[in-house]
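For reference, coords04.pdb is printed below; it contains PDB, C-alpha atoms and all ligand atoms.
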ATOM      1  CA  MET A   1       0.000   0.000   0.000  1.00  0.00           C
ATOM      2  CA  ARG A   2       1.308   3.479  -0.877  1.00  0.00           C
ATOM      3  CA  PRO A   3       2.472   5.140   2.351  1.00  0.00           C
ATOM      4  CA  VAL A   4       0.411   8.221   3.253  1.00  0.00           C
ATOM      5  CA  GLN A   5       0.712   8.238   7.076  1.00  0.00           C
ATOM      6  CA  LEU A   6       3.248  10.841   8.123  1.00  0.00           C
ATOM      7  CA  GLU A   7       4.344   8.969  11.259  1.00  0.00           C
ATOM      8  CA  LEU A   8       5.391   5.996   9.105  1.00  0.00           C
ATOM      9  CA  LEU A   9       7.410   8.048   6.589  1.00  0.00           C
ATOM     10  CA  ASN A  10      10.938   9.434   6.777  1.00  0.00           C
ATOM     11  CA  THR A  11      12.545  12.433   5.086  1.00  0.00           C
ATOM     12  CA  LYS A  12      13.403  10.499   1.935  1.00  0.00           C
ATOM     13  CA  SER A  13      10.043   8.783   1.537  1.00  0.00           C
ATOM     14  CA  PHE A  14       8.188  11.977   2.429  1.00  0.00           C
ATOM     15  CA  LEU A  15      10.031  13.931  -0.288  1.00  0.00           C
ATOM     16  CA  ALA A  16       9.525  11.078  -2.761  1.00  0.00           C
ATOM     17  CA  GLY A  17       5.782  11.237  -2.066  1.00  0.00           C
ATOM     18  CA  GLY A  18       5.527  14.777  -3.483  1.00  0.00           C
ATOM     19  CA  PHE A  19       2.941  15.751  -0.879  1.00  0.00           C
ATOM     20  CA  ASP A  20       1.503  19.266  -1.019  1.00  0.00           C
ATOM     21  CA  THR A  21      -1.784  18.664   0.808  1.00  0.00           C
ATOM     22  CA  ALA A  22      -2.502  17.308   4.295  1.00  0.00           C
ATOM     23  CA  ILE A  23      -5.346  15.885   6.327  1.00  0.00           C
ATOM     24  CA  VAL A  24      -5.203  16.465  10.085  1.00  0.00           C
ATOM     25  CA  PRO A  25      -7.427  13.874  11.825  1.00  0.00           C
ATOM     26  CA  ILE A  26      -8.564  14.998  15.261  1.00  0.00           C
ATOM     27  CA  GLY A  27     -10.389  13.135  18.018  1.00  0.00           C
ATOM     28  CA  ALA A  28     -10.693  12.906  21.790  1.00  0.00           C
ATOM     29  CA  CYS A  29      -9.982  10.665  24.790  1.00  0.00           C
ATOM     30  CA  GLU A  30     -13.210  10.064  26.676  1.00  0.00           C
ATOM     31  CA  SER A  31     -15.691   7.340  27.575  1.00  0.00           C
ATOM     32  CA  HIS A  32     -17.787   6.078  24.683  1.00  0.00           C
ATOM     33  CA  GLY A  33     -19.800   3.771  26.912  1.00  0.00           C
ATOM     34  CA  ASP A  34     -18.556   0.308  27.780  1.00  0.00           C
ATOM     35  CA  HIS A  35     -18.729  -0.914  24.198  1.00  0.00           C
ATOM     36  CA  MET A  36     -16.339   1.474  22.372  1.00  0.00           C
ATOM     37  CA  PRO A  37     -12.734   2.536  23.089  1.00  0.00           C
ATOM     38  CA  PHE A  38     -11.710   5.898  24.590  1.00  0.00           C
ATOM     39  CA  GLY A  39      -9.954   6.784  21.344  1.00  0.00           C
ATOM     40  CA  THR A  40     -13.006   6.206  19.128  1.00  0.00           C
ATOM     41  CA  ASP A  41     -13.048   9.713  17.635  1.00  0.00           C
ATOM     42  CA  GLY A  42      -9.373   9.745  16.632  1.00  0.00           C
ATOM     43  CA  LEU A  43      -9.446   6.146  15.423  1.00  0.00           C
ATOM     44  CA  THR A  44     -12.444   6.989  13.227  1.00  0.00           C
ATOM     45  CA  SER A  45     -11.178  10.261  11.766  1.00  0.00           C
ATOM     46  CA  HIS A  46      -7.745   8.739  11.119  1.00  0.00           C
ATOM     47  CA  ALA A  47      -9.094   5.625   9.391  1.00  0.00           C
ATOM     48  CA  LEU A  48     -11.328   7.782   7.174  1.00  0.00           C
ATOM     49  CA  ALA A  49      -8.426  10.149   6.415  1.00  0.00           C
ATOM     50  CA  VAL A  50      -6.155   7.295   5.303  1.00  0.00           C
ATOM     51  CA  LYS A  51      -8.817   5.879   2.982  1.00  0.00           C
ATOM     52  CA  ILE A  52      -9.393   9.325   1.454  1.00  0.00           C
ATOM     53  CA  ALA A  53      -5.668  10.080   1.058  1.00  0.00           C
ATOM     54  CA  LEU A  54      -5.034   6.733  -0.633  1.00  0.00           C
ATOM     55  CA  ALA A  55      -7.548   7.753  -3.298  1.00  0.00           C
ATOM     56  CA  CYS A  56      -5.744  11.078  -3.838  1.00  0.00           C
ATOM     57  CA  GLU A  57      -2.246  11.726  -5.189  1.00  0.00           C
ATOM     58  CA  LYS A  58      -0.425  14.268  -3.043  1.00  0.00           C
ATOM     59  CA  THR A  59      -2.209  14.113   0.295  1.00  0.00           C
ATOM     60  CA  VAL A  60      -0.423  13.059   3.462  1.00  0.00           C
ATOM     61  CA  VAL A  61      -2.246  12.159   6.700  1.00  0.00           C
ATOM     62  CA  LEU A  62      -0.896  13.547   9.961  1.00  0.00           C
ATOM     63  CA  PRO A  63      -0.791  11.387  13.100  1.00  0.00           C
ATOM     64  CA  PRO A  64      -4.227  11.352  14.735  1.00  0.00           C
ATOM     65  CA  HIS A  65      -4.788  13.713  17.645  1.00  0.00           C
ATOM     66  CA  TYR A  66      -6.092  11.440  20.387  1.00  0.00           C
ATOM     67  CA  LEU A  67      -6.679  14.336  22.802  1.00  0.00           C
ATOM     68  CA  GLY A  68      -9.395  16.916  22.158  1.00  0.00           C
ATOM     69  CA  MET A  69     -11.623  19.378  23.979  1.00  0.00           C
ATOM     70  CA  SER A  70     -13.780  17.070  26.114  1.00  0.00           C
ATOM     71  CA  ASP A  71     -14.545  19.110  29.240  1.00  0.00           C
ATOM     72  CA  HIS A  72     -18.270  18.301  28.878  1.00  0.00           C
ATOM     73  CA  TYR A  73     -17.581  14.528  28.811  1.00  0.00           C
ATOM     74  CA  ARG A  74     -16.306  14.146  32.370  1.00  0.00           C
ATOM     75  CA  HIS A  75     -19.183  11.783  33.066  1.00  0.00           C
ATOM     76  CA  GLN A  76     -17.342   8.535  33.771  1.00  0.00           C
ATOM     77  CA  PRO A  77     -13.770   7.259  33.697  1.00  0.00           C
ATOM     78  CA  ILE A  78     -11.804   8.453  31.953  1.00  0.00           C
ATOM     79  CA  CYS A  79     -11.598  11.749  30.157  1.00  0.00           C
ATOM     80  CA  ILE A  80      -8.325  13.468  29.305  1.00  0.00           C
ATOM     81  CA  SER A  81      -9.194  16.881  27.918  1.00  0.00           C
ATOM     82  CA  LEU A  82      -7.416  19.832  26.397  1.00  0.00           C
ATOM     83  CA  SER A  83      -8.933  23.239  27.155  1.00  0.00           C
ATOM     84  CA  ASN A  84     -10.473  25.161  24.246  1.00  0.00           C
ATOM     85  CA  ASP A  85      -7.491  27.552  24.304  1.00  0.00           C
ATOM     86  CA  THR A  86      -4.956  24.713  24.192  1.00  0.00           C
ATOM     87  CA  GLN A  87      -6.761  22.915  21.396  1.00  0.00           C
ATOM     88  CA  VAL A  88      -6.859  26.125  19.333  1.00  0.00           C
ATOM     89  CA  ARG A  89      -3.122  26.662  19.893  1.00  0.00           C
ATOM     90  CA  VAL A  90      -2.270  23.059  18.999  1.00  0.00           C
ATOM     91  CA  LEU A  91      -4.147  23.287  15.710  1.00  0.00           C
ATOM     92  CA  GLU A  92      -2.689  26.722  14.908  1.00  0.00           C
ATOM     93  CA  ASP A  93       0.815  25.334  15.493  1.00  0.00           C
ATOM     94  CA  VAL A  94       0.128  22.297  13.286  1.00  0.00           C
ATOM     95  CA  LEU A  95      -1.199  24.470  10.450  1.00  0.00           C
ATOM     96  CA  GLY A  96       1.793  26.820  10.784  1.00  0.00           C
ATOM     97  CA  SER A  97       4.256  23.909  10.691  1.00  0.00           C
ATOM     98  CA  LEU A  98       2.639  22.481   7.588  1.00  0.00           C
ATOM     99  CA  GLN A  99       2.907  25.802   5.797  1.00  0.00           C
ATOM    100  CA  HIS A 100       6.564  26.100   6.787  1.00  0.00           C
ATOM    101  CA  TRP A 101       7.213  22.884   4.832  1.00  0.00           C
ATOM    102  CA  GLY A 102       5.244  23.989   1.796  1.00  0.00           C
ATOM    103  CA  ILE A 103       1.972  22.253   2.580  1.00  0.00           C
ATOM    104  CA  GLU A 104      -0.565  25.040   2.165  1.00  0.00           C
ATOM    105  CA  LYS A 105      -3.710  22.971   1.530  1.00  0.00           C
ATOM    106  CA  VAL A 106      -4.969  21.448   4.767  1.00  0.00           C
ATOM    107  CA  LEU A 107      -8.170  19.681   5.746  1.00  0.00           C
ATOM    108  CA  ILE A 108      -8.931  19.219   9.439  1.00  0.00           C
ATOM    109  CA  LEU A 109     -11.001  16.023   9.614  1.00  0.00           C
ATOM    110  CA  ASN A 110     -12.838  16.167  12.905  1.00  0.00           C
ATOM    111  CA  GLY A 111     -14.313  13.190  14.753  1.00  0.00           C
ATOM    112  CA  HIS A 112     -15.552  14.867  17.957  1.00  0.00           C
ATOM    113  CA  ASP A 113     -18.236  17.450  18.778  1.00  0.00           C
ATOM    114  CA  GLY A 114     -16.133  19.266  21.395  1.00  0.00           C
ATOM    115  CA  ASN A 115     -13.544  20.114  18.741  1.00  0.00           C
ATOM    116  CA  ILE A 116     -16.012  21.926  16.468  1.00  0.00           C
ATOM    117  CA  PRO A 117     -15.512  25.456  17.871  1.00  0.00           C
ATOM    118  CA  CYS A 118     -11.737  25.025  18.404  1.00  0.00           C
ATOM    119  CA  ALA A 119     -11.113  23.762  14.882  1.00  0.00           C
ATOM    120  CA  GLU A 120     -13.062  26.628  13.378  1.00  0.00           C
ATOM    121  CA  ILE A 121     -11.366  29.279  15.526  1.00  0.00           C
ATOM    122  CA  ALA A 122      -7.889  27.887  14.780  1.00  0.00           C
ATOM    123  CA  ALA A 123      -8.614  27.653  11.054  1.00  0.00           C
ATOM    124  CA  ARG A 124      -9.988  31.207  10.928  1.00  0.00           C
ATOM    125  CA  ASN A 125      -7.068  32.634  12.935  1.00  0.00           C
ATOM    126  CA  VAL A 126      -4.493  30.969  10.680  1.00  0.00           C
ATOM    127  CA  LYS A 127      -6.311  31.889   7.463  1.00  0.00           C
ATOM    128  CA  VAL A 128      -6.254  35.588   8.343  1.00  0.00           C
ATOM    129  CA  ARG A 129      -2.530  35.459   9.188  1.00  0.00           C
ATOM    130  CA  ARG A 130      -1.490  33.160   6.333  1.00  0.00           C
ATOM    131  CA  LYS A 131      -3.698  34.139   3.429  1.00  0.00           C
ATOM    132  CA  SER A 132      -2.064  31.878   0.853  1.00  0.00           C
ATOM    133  CA  MET A 133      -3.229  28.795   2.753  1.00  0.00           C
ATOM    134  CA  SER A 134      -6.341  26.845   1.825  1.00  0.00           C
ATOM    135  CA  ILE A 135      -7.891  25.500   5.025  1.00  0.00           C
ATOM    136  CA  ALA A 136     -11.061  23.431   5.322  1.00  0.00           C
ATOM    137  CA  VAL A 137     -12.746  21.757   8.281  1.00  0.00           C
ATOM    138  CA  PHE A 138     -14.995  18.699   7.989  1.00  0.00           C
ATOM    139  CA  ASP A 139     -16.998  16.956  10.710  1.00  0.00           C
ATOM    140  CA  TRP A 140     -17.466  13.516   9.133  1.00  0.00           C
ATOM    141  CA  TRP A 141     -21.035  12.903  10.350  1.00  0.00           C
ATOM    142  CA  VAL A 142     -22.629  16.055   8.880  1.00  0.00           C
ATOM    143  CA  ILE A 143     -23.356  14.604   5.432  1.00  0.00           C
ATOM    144  CA  LEU A 144     -25.094  11.416   6.548  1.00  0.00           C
ATOM    145  CA  GLN A 145     -28.641  12.736   6.768  1.00  0.00           C
ATOM    146  CA  GLN A 146     -28.472  14.046   3.183  1.00  0.00           C
ATOM    147  CA  MET A 147     -26.430  11.249   1.633  1.00  0.00           C
ATOM    148  CA  LEU A 148     -27.998   8.107   3.118  1.00  0.00           C
ATOM    149  CA  PRO A 149     -31.615   6.926   2.733  1.00  0.00           C
ATOM    150  CA  ALA A 150     -33.849   8.120   5.580  1.00  0.00           C
ATOM    151  CA  ASP A 151     -34.476   4.571   6.804  1.00  0.00           C
ATOM    152  CA  THR A 152     -30.776   3.682   7.176  1.00  0.00           C
ATOM    153  CA  PHE A 153     -30.927   4.223  10.933  1.00  0.00           C
ATOM    154  CA  GLU A 154     -33.644   2.952  13.221  1.00  0.00           C
ATOM    155  CA  VAL A 155     -33.721   5.138  16.336  1.00  0.00           C
ATOM    156  CA  TRP A 156     -33.336   8.910  16.857  1.00  0.00           C
ATOM    157  CA  GLY A 157     -31.995   9.345  13.315  1.00  0.00           C
ATOM    158  CA  GLY A 158     -28.977   7.282  14.359  1.00  0.00           C
ATOM    159  CA  TRP A 159     -27.586  10.147  16.415  1.00  0.00           C
ATOM    160  CA  GLY A 160     -25.871  10.187  19.748  1.00  0.00           C
ATOM    161  CA  HIS A 161     -22.456   9.953  21.336  1.00  0.00           C
ATOM    162  CA  ALA A 162     -21.443   6.306  20.833  1.00  0.00           C
ATOM    163  CA  GLY A 163     -24.975   5.907  19.436  1.00  0.00           C
ATOM    164  CA  GLU A 164     -26.258   3.984  16.420  1.00  0.00           C
ATOM    165  CA  VAL A 165     -24.136   5.864  13.844  1.00  0.00           C
ATOM    166  CA  GLU A 166     -20.918   5.959  15.821  1.00  0.00           C
ATOM    167  CA  THR A 167     -21.271   2.366  17.027  1.00  0.00           C
ATOM    168  CA  SER A 168     -21.859   1.266  13.441  1.00  0.00           C
ATOM    169  CA  ILE A 169     -18.772   3.031  12.109  1.00  0.00           C
ATOM    170  CA  GLY A 170     -16.738   1.498  14.949  1.00  0.00           C
ATOM    171  CA  LEU A 171     -17.969  -1.968  13.987  1.00  0.00           C
ATOM    172  CA  ALA A 172     -16.897  -1.288  10.403  1.00  0.00           C
ATOM    173  CA  LEU A 173     -13.496   0.281  11.150  1.00  0.00           C
ATOM    174  CA  PHE A 174     -12.207  -1.357  14.360  1.00  0.00           C
ATOM    175  CA  PRO A 175     -14.424  -4.356  15.194  1.00  0.00           C
ATOM    176  CA  GLU A 176     -11.716  -5.915  17.373  1.00  0.00           C
ATOM    177  CA  LEU A 177     -12.132  -3.028  19.866  1.00  0.00           C
ATOM    178  CA  MET A 178     -15.946  -3.238  20.102  1.00  0.00           C
ATOM    179  CA  ASN A 179     -17.980  -5.075  22.701  1.00  0.00           C
ATOM    180  CA  MET A 180     -21.639  -5.112  21.677  1.00  0.00           C
ATOM    181  CA  ALA A 181     -22.707  -7.099  24.751  1.00  0.00           C
ATOM    182  CA  ASP A 182     -22.215  -3.856  26.718  1.00  0.00           C
ATOM    183  CA  ALA A 183     -23.838  -1.513  24.176  1.00  0.00           C
ATOM    184  CA  ARG A 184     -26.443   0.688  25.842  1.00  0.00           C
ATOM    185  CA  GLY A 185     -27.377   4.334  25.732  1.00  0.00           C
ATOM    186  CA  GLN A 186     -30.145   6.782  26.597  1.00  0.00           C
ATOM    187  CA  ILE A 187     -32.013   9.318  24.522  1.00  0.00           C
ATOM    188  CA  PRO A 188     -32.726  12.659  26.173  1.00  0.00           C
ATOM    189  CA  THR A 189     -36.450  13.424  26.181  1.00  0.00           C
ATOM    190  CA  ARG A 190     -35.957  16.940  24.937  1.00  0.00           C
ATOM    191  CA  LEU A 191     -33.124  18.600  23.068  1.00  0.00           C
ATOM    192  CA  ASP A 192     -33.911  21.347  20.594  1.00  0.00           C
ATOM    193  CA  GLY A 193     -32.774  20.761  17.027  1.00  0.00           C
ATOM    194  CA  PHE A 194     -31.975  24.390  16.240  1.00  0.00           C
ATOM    195  CA  VAL A 195     -31.036  26.157  19.460  1.00  0.00           C
ATOM    196  CA  LYS A 196     -27.516  25.354  20.612  1.00  0.00           C
ATOM    197  CA  GLU A 197     -28.135  24.075  24.140  1.00  0.00           C
ATOM    198  CA  ILE A 198     -25.066  23.730  26.351  1.00  0.00           C
ATOM    199  CA  TRP A 199     -25.088  20.518  28.395  1.00  0.00           C
ATOM    200  CA  THR A 200     -22.664  18.361  30.242  1.00  0.00           C
ATOM    201  CA  PHE A 201     -22.968  14.733  29.212  1.00  0.00           C
ATOM    202  CA  ASP A 202     -24.134  13.476  32.622  1.00  0.00           C
ATOM    203  CA  GLU A 203     -27.204  15.726  32.250  1.00  0.00           C
ATOM    204  CA  ILE A 204     -28.427  13.945  29.117  1.00  0.00           C
ATOM    205  CA  THR A 205     -27.650  10.292  29.852  1.00  0.00           C
ATOM    206  CA  ALA A 206     -26.862   8.027  32.796  1.00  0.00           C
ATOM    207  CA  HIS A 207     -24.727   5.824  30.533  1.00  0.00           C
ATOM    208  CA  GLY A 208     -21.535   6.547  28.678  1.00  0.00           C
ATOM    209  CA  ALA A 209     -23.573   6.852  25.504  1.00  0.00           C
ATOM    210  CA  THR A 210     -26.577   8.607  24.004  1.00  0.00           C
ATOM    211  CA  GLY A 211     -28.654   7.105  21.227  1.00  0.00           C
ATOM    212  CA  ALA A 212     -29.328   3.493  20.374  1.00  0.00           C
ATOM    213  CA  ALA A 213     -25.878   1.923  20.594  1.00  0.00           C
ATOM    214  CA  HIS A 214     -27.436  -1.562  20.483  1.00  0.00           C
ATOM    215  CA  LYS A 215     -28.787  -0.838  16.987  1.00  0.00           C
ATOM    216  CA  GLY A 216     -25.305  -0.380  15.539  1.00  0.00           C
ATOM    217  CA  THR A 217     -24.186  -2.880  12.900  1.00  0.00           C
ATOM    218  CA  ALA A 218     -21.092  -3.301  10.750  1.00  0.00           C
ATOM    219  CA  GLU A 219     -23.315  -3.210   7.676  1.00  0.00           C
ATOM    220  CA  LYS A 220     -24.617   0.270   8.545  1.00  0.00           C
ATOM    221  CA  GLY A 221     -21.060   1.294   9.352  1.00  0.00           C
ATOM    222  CA  GLU A 222     -19.821   0.200   5.956  1.00  0.00           C
ATOM    223  CA  LYS A 223     -22.502   2.351   4.324  1.00  0.00           C
ATOM    224  CA  ILE A 224     -21.355   5.337   6.391  1.00  0.00           C
ATOM    225  CA  VAL A 225     -17.701   4.768   5.504  1.00  0.00           C
ATOM    226  CA  GLU A 226     -18.549   4.346   1.832  1.00  0.00           C
ATOM    227  CA  VAL A 227     -20.529   7.576   1.609  1.00  0.00           C
ATOM    228  CA  VAL A 228     -18.057   9.681   3.625  1.00  0.00           C
ATOM    229  CA  VAL A 229     -15.018   8.393   1.720  1.00  0.00           C
ATOM    230  CA  ARG A 230     -16.722   8.822  -1.650  1.00  0.00           C
ATOM    231  CA  TYR A 231     -17.816  12.396  -0.893  1.00  0.00           C
ATOM    232  CA  MET A 232     -14.507  13.468   0.607  1.00  0.00           C
ATOM    233  CA  THR A 233     -12.361  11.785  -2.038  1.00  0.00           C
ATOM    234  CA  ASP A 234     -14.182  13.797  -4.670  1.00  0.00           C
ATOM    235  CA  TYR A 235     -13.752  16.946  -2.563  1.00  0.00           C
ATOM    236  CA  MET A 236     -10.068  16.319  -1.805  1.00  0.00           C
ATOM    237  CA  ARG A 237      -9.146  15.622  -5.416  1.00  0.00           C
ATOM    238  CA  ARG A 238     -10.434  19.107  -6.309  1.00  0.00           C
ATOM    239  CA  PHE A 239      -8.879  20.606  -3.164  1.00  0.00           C
ATOM    240  CA  GLU A 240      -5.528  18.968  -3.969  1.00  0.00           C
ATOM    241  CA  ARG A 241      -5.605  20.234  -7.558  1.00  0.00           C
ATOM    242  CA  ASP A 242      -6.894  23.787  -7.055  1.00  0.00           C
ATOM    243  CA  GLY A 243      -6.933  24.645  -3.352  1.00  0.00           C
ATOM    244  CA  LEU A 244      -9.786  26.930  -2.396  1.00  0.00           C
ATOM    245  CA  VAL A 245     -10.268  29.097  -5.467  1.00  0.00           C
ATOM    246  CA  TYR A 246     -13.785  30.465  -5.643  1.00  0.00           C
ATOM    247  CA  ALA A 247     -13.714  32.152  -9.091  1.00  0.00           C
ATOM    248  CA  PRO A 248     -16.716  34.437  -8.514  1.00  0.00           C
ATOM    249  CA  VAL A 249     -18.680  35.646 -11.518  1.00  0.00           C
ATOM    250  CA  ASP A 250     -20.832  38.740 -11.715  1.00  0.00           C
ATOM    251  CA  ALA A 251     -24.352  37.997 -10.512  1.00  0.00           C
ATOM    252  CA  THR A 252     -25.833  39.082 -13.849  1.00  0.00           C
ATOM    253  CA  GLU A 253     -23.783  36.350 -15.581  1.00  0.00           C
ATOM    254  CA  TYR A 254     -24.888  33.688 -13.136  1.00  0.00           C
ATOM    255  CA  PRO A 255     -27.458  31.223 -14.504  1.00  0.00           C
ATOM    256  CA  GLY A 256     -30.821  32.703 -13.598  1.00  0.00           C
ATOM    257  CA  GLY A 257     -29.160  35.994 -12.599  1.00  0.00           C
TER     258      GLY A 257
HETATM  259 ZN    ZN A 301     -17.202   9.943  19.710  1.00  0.00          ZN
END
Output the file's structure in the form of structure tokens.
Ligand SMILES: [Zn+2]
Amino acid sequence: MRPVQLELLNTKSFLAGGFDTAIVPIGACESHGDHMPFGTDGLTSHALAVKIALACEKTVVLPPHYLGMSDHYRHQPICISLSNDTQVRVLEDVLGSLQHWGIEKVLILNGHDGNIPCAEIAARNVKVRRKSMSIAVFDWWVILQQMLPADTFEVWGGWGHAGEVETSIGLALFPELMNMADARGQIPTRLDGFVKEIWTFDEITAHGATGAAHKGTAEKGEKIVEVVVRYMTDYMRRFERDGLVYAPVDATEYPGG
């Protein structure tokens, strides 16, 4: 297999790879119930990143970040969290290092909800300071509702932390680390779909998981992997070739303008 994982390369093989684009997979270290490993989010984002990079030409995958911003997941042993400020600084430093070595096109592939604000703040801060960079952020689960048939998941739209979706992708990507005999979660009776409500995890479930973990299957997980990798491979091939070039046209020349 063509090497695309930075931690497995050396100077010679890195230079031979001709990489000019990078994926930074980020995750967290926190309980995902008793049926999934602490590192679920980094394991998932890294496995997806490697599959995507292998389908591209000049994209290298950075080592997964197994620590993220998890302050709201201190519900049961064990959670090792970076503060928001630290996580922003870590990502800014990674983006700056990549640019130093000529890698100006960078995708942050995020596997954890607590990293959403940090990744965006870091990316925006670096973009303003280093305008020639093309920086994109992708939370892998956001496309599922649009890209998979509505009946793919059985309970609560598949959602949840270590819920039906995440359990399924774990069964597809790292089945040897899963223990379905212990899969259980709760679904909060009310959570608004549009207002951003700020909870700590112990307030919305008594388990280490929300959603229907027991409904996860490897078959559903393979569908998730297939759709995410297909979408992001198409995106990354364009990103690798052009970076973020928006080529605006005058509104009067726009179809229907
Ligand atoms: Zn997770």
What do you get, as a ChimeraX atom specification, if you spell out every residue that the PyMOL selection byres (((not hetatm)) within 6 of (chain A and resi 301)) selects here? /A:40-41,112,161-162
Once you have the residues from the selection above, write them out as a JSON list (two decimals), in the frame of the given file, restricted to C-alpha atoms.
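And here's result-v2.json as it stands now:
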[["chain", "number", "residue", "atom", "x", "y", "z"],
["A", 40, "THR", "CA", -13.01, 6.21, 19.13],
["A", 41, "ASP", "CA", -13.05, 9.71, 17.64],
["A", 112, "HIS", "CA", -15.55, 14.87, 17.96],
["A", 161, "HIS", "CA", -22.46, 9.95, 21.34],
["A", 162, "ALA", "CA", -21.44, 6.31, 20.83]]
Which residues would end up in the selection if the PyMOL selection byres (((chain A and resi 7) around 12) and not hetatm) were applied here, given that I need the answer as number ranges by chain? A: 3-6, 8-11, 13-14, 60-64
Selection above as a file: C-alpha atoms, as an mmCIF file, keeping the file's coordinate frame:
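Output file selection_33.cif is given in full below:
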data_model
loop_
_atom_site.group_PDB
_atom_site.id
_atom_site.type_symbol
_atom_site.label_atom_id
_atom_site.label_comp_id
_atom_site.auth_asym_id
_atom_site.auth_seq_id
_atom_site.Cartn_x
_atom_site.Cartn_y
_atom_site.Cartn_z
ATOM 1 C CA PRO A 3 2.472 5.140 2.351
ATOM 2 C CA VAL A 4 0.411 8.221 3.253
ATOM 3 C CA GLN A 5 0.712 8.238 7.076
ATOM 4 C CA LEU A 6 3.248 10.841 8.123
ATOM 5 C CA LEU A 8 5.391 5.996 9.105
ATOM 6 C CA LEU A 9 7.410 8.048 6.589
ATOM 7 C CA ASN A 10 10.938 9.434 6.777
ATOM 8 C CA THR A 11 12.545 12.433 5.086
ATOM 9 C CA SER A 13 10.043 8.783 1.537
ATOM 10 C CA PHE A 14 8.188 11.977 2.429
ATOM 11 C CA VAL A 60 -0.423 13.059 3.462
ATOM 12 C CA VAL A 61 -2.246 12.159 6.700
ATOM 13 C CA LEU A 62 -0.896 13.547 9.961
ATOM 14 C CA PRO A 63 -0.791 11.387 13.100
ATOM 15 C CA PRO A 64 -4.227 11.352 14.735
#
For the structure shown, which residues end up in the PyMOL selection byres (((chain A and resi 231) around 12) and not hetatm)? Put them as JSON, numbers by chain, please? {"A": [48, 51, 52, 55, 138, 140, 141, 142, 143, 144, 146, 147, 148, 224, 225, 226, 227, 228, 229, 230, 232, 233, 234, 235, 236, 237, 238]}
CA of Asn110 (chain A) to CA of Leu171 (chain A), straight-line distance in Å: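 Distance between the two atoms: 18.9 Å.
What separates CA of Asp34 (chain A) from CA of Lys215 (chain A) is a distance of 14.9 Å.
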Pairwise distance, CA of Tyr73 (chain A) with CA of Ala172 (chain A), equals 24.3 Å
When distances are computed from all atoms listed in the file, which of A:Glu176, A:Ile121, A:His65, A:Glu57 shows the smallest separation from Glu92 (chain A)?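 Ranking A:Glu176, A:Ile121, A:His65, A:Glu57 by distance to Glu92 (chain A), first place goes to A:Ile121.
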Which residue is closest to Thr210 (chain A)? Choose from A:Ile198, A:Val165, A:Leu15, A:Ile26 and count all atoms listed in the file.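 Looking at the shortest contact to Thr210 (chain A), the residue is A:Val165.
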Pick from A:Arg89, A:His32, A:Lys223, A:Lys131: nearest to Gly211 (chain A), with all atoms listed in the file counted?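 Among the listed residues, A:His32 lies closest to Gly211 (chain A).
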